[in-house]
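Following: one structure in structure tokens, then a few remarks.
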Amino acid sequence: MTPITEVEGRRLSLSNLDKVLYPATGTTKGEVLHYYAATVAGAILPHLRDRPVSFLRYPDGPGGQLFFSKNPPPGTPDWVHTTPVPRSEDQAAQQVMVQDLASLMWAANLVVEFHTPQWRADAPETADRMVFDLDPGSPATVVQCCAVALWLRERLSADGLFAYGKTSGSKGLHLLVPLEPAPSAEVSAYAKRLAMEAESALPELALHRMKRALRPGKVFVDFSQNSASKTTATPYTLRARAEPTVSAPVTWDEIEACRNPEDLVFRADGMAARLERYGDLLGPLLDPDRARPLPAGAA
């Protein structure tokens, strides 16, 4: 019998709670739902709110089928908010917005990674943040990503911009920069310019092109997720990896001190302690006083 629970006045059917989603740790679906409801709801919801959400679904765990879903899935309750999102010059489609705890739990019950764009639903293609996805090519690891991140922090600071880090929850590192709203195309152009500068300044370490032949041992500074059509893993989302790793905010002290890839691996069972110690390290992304304009002529 499928359990029925009530969340903020909404009735939810929560299925297969004993199903093991992460065999490496024995983590069940019930534990995943508890992670979102009890551990990170207060931290993740502000980063989801008012942004169209794309889901990477893995209903049978990371070893099963994985598929992206942008459209509201069949059976989406009528109380889950949706918003029109441009898909082409003359067409728009509906996407889910996770605005409250009930919507978060409904989505988590589908077993998903949460991915969001750099813009809000009321201003499509106008970014209020910039992202750099630092992706290491083996044998490089997140340790090398940290070296590139430190260079980017100083470069962004020279332009009056603040940068904040989080793990990707996979192999790499994300840098996020709060911005005064600017066209996504201009943000993308500026991010590309900095990626090219990073490659010039760190030729043995950084790379701004995705070409796989160039990737081994280097960090790909992926600026493309600033495109209005792209999304990035939302802070605090669980990832479809062998273990329940989290796209977790990190301090600059942790980035500077990283000497081993495991130093920046965070799992669901460790997030309560981190939030108690640090609060939301990405809270400044939500603070208008931390947003800065793109530099003049940045594009």
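Residue numbering restarts at 1 in every chain; chains get A, B, ... in the order shown in the structure tokens, and ligands count up from 1 in that same order.
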
Next on the checklist: Would you pick out the contacts of region 89-101 of chain A at 10 Å or less, using only C-alpha atoms, so that residues sharing its chain but fewer than 4 positions from it are not included, and give the list as JSON, numbers by chain?
Outcome noted: {"A": [7, 8, 10, 36, 37, 41, 42, 44, 45, 46, 47, 48, 49, 50, 51, 52, 53, 54, 55, 69, 70, 71, 72, 73, 76, 80, 81, 82, 83, 84, 85, 105, 106, 107, 114, 116, 121]}

Tyr278 (chain A) environment, 10 Å, only C-alpha atoms, sequence neighbours closer than 3 positions dropped, as a short mmCIF file (atom, residue, chain, number, x, y, z; two decimals) with C-alpha atoms, in the first residue's frame:
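Saved to out_23.cif:
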data_model
loop_
_atom_site.label_atom_id
_atom_site.label_comp_id
_atom_site.auth_asym_id
_atom_site.auth_seq_id
_atom_site.Cartn_x
_atom_site.Cartn_y
_atom_site.Cartn_z
CA PRO A 249 28.70 24.72 -0.97
CA VAL A 250 32.28 25.01 0.25
CA THR A 251 34.38 27.71 1.87
CA ALA A 273 26.43 19.10 10.37
CA ARG A 274 27.71 21.40 7.62
CA LEU A 275 24.54 23.46 7.63
CA LEU A 281 27.38 29.35 2.28
#

Checklist entry - So which bits of region 137-277 of chain A end up strand (DSSP E or B) when you DSSP the backbone, as a list in words? => result Tyr164, Gly165, Lys166, Thr167, Leu173, His174, Leu175, Leu176, Val177, Pro178, Leu179, Glu180, Pro181, Ala182, Pro183, Ala206, Leu207, Val219, Phe220, Val221, Asp222, Thr232, Ala233, Leu238, Thr245, Val246, Pro249, Val250 and Arg267 of chain A

Checklist entry - Among region 3-59 of chain A, which residues carry a DSSP assignment of alpha helix (DSSP H), reported as a PyMOL selection string? => result chain A and resi 29-34+41-48

Checklist entry - Which residues come within 9 Å of region 219-227 of chain A, counting only C-alpha atoms, excluding same-chain residues fewer than 4 positions away, as a ChimeraX atom specification? => result /A:117-118,125,127,129-137,140-142,144-145,148,172,184-185,187-192,194-196,198-199,205-210,215,231-232

Checklist entry - Out of A:Pro288, A:Pro3, A:Pro244, A:Pro295, which residue has the shortest atom-to-atom distance to Gly169 (chain A) when counting only C-alpha atoms? => result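 Residue with the minimum atom-to-atom distance to Gly169 (chain A): A:Pro244.
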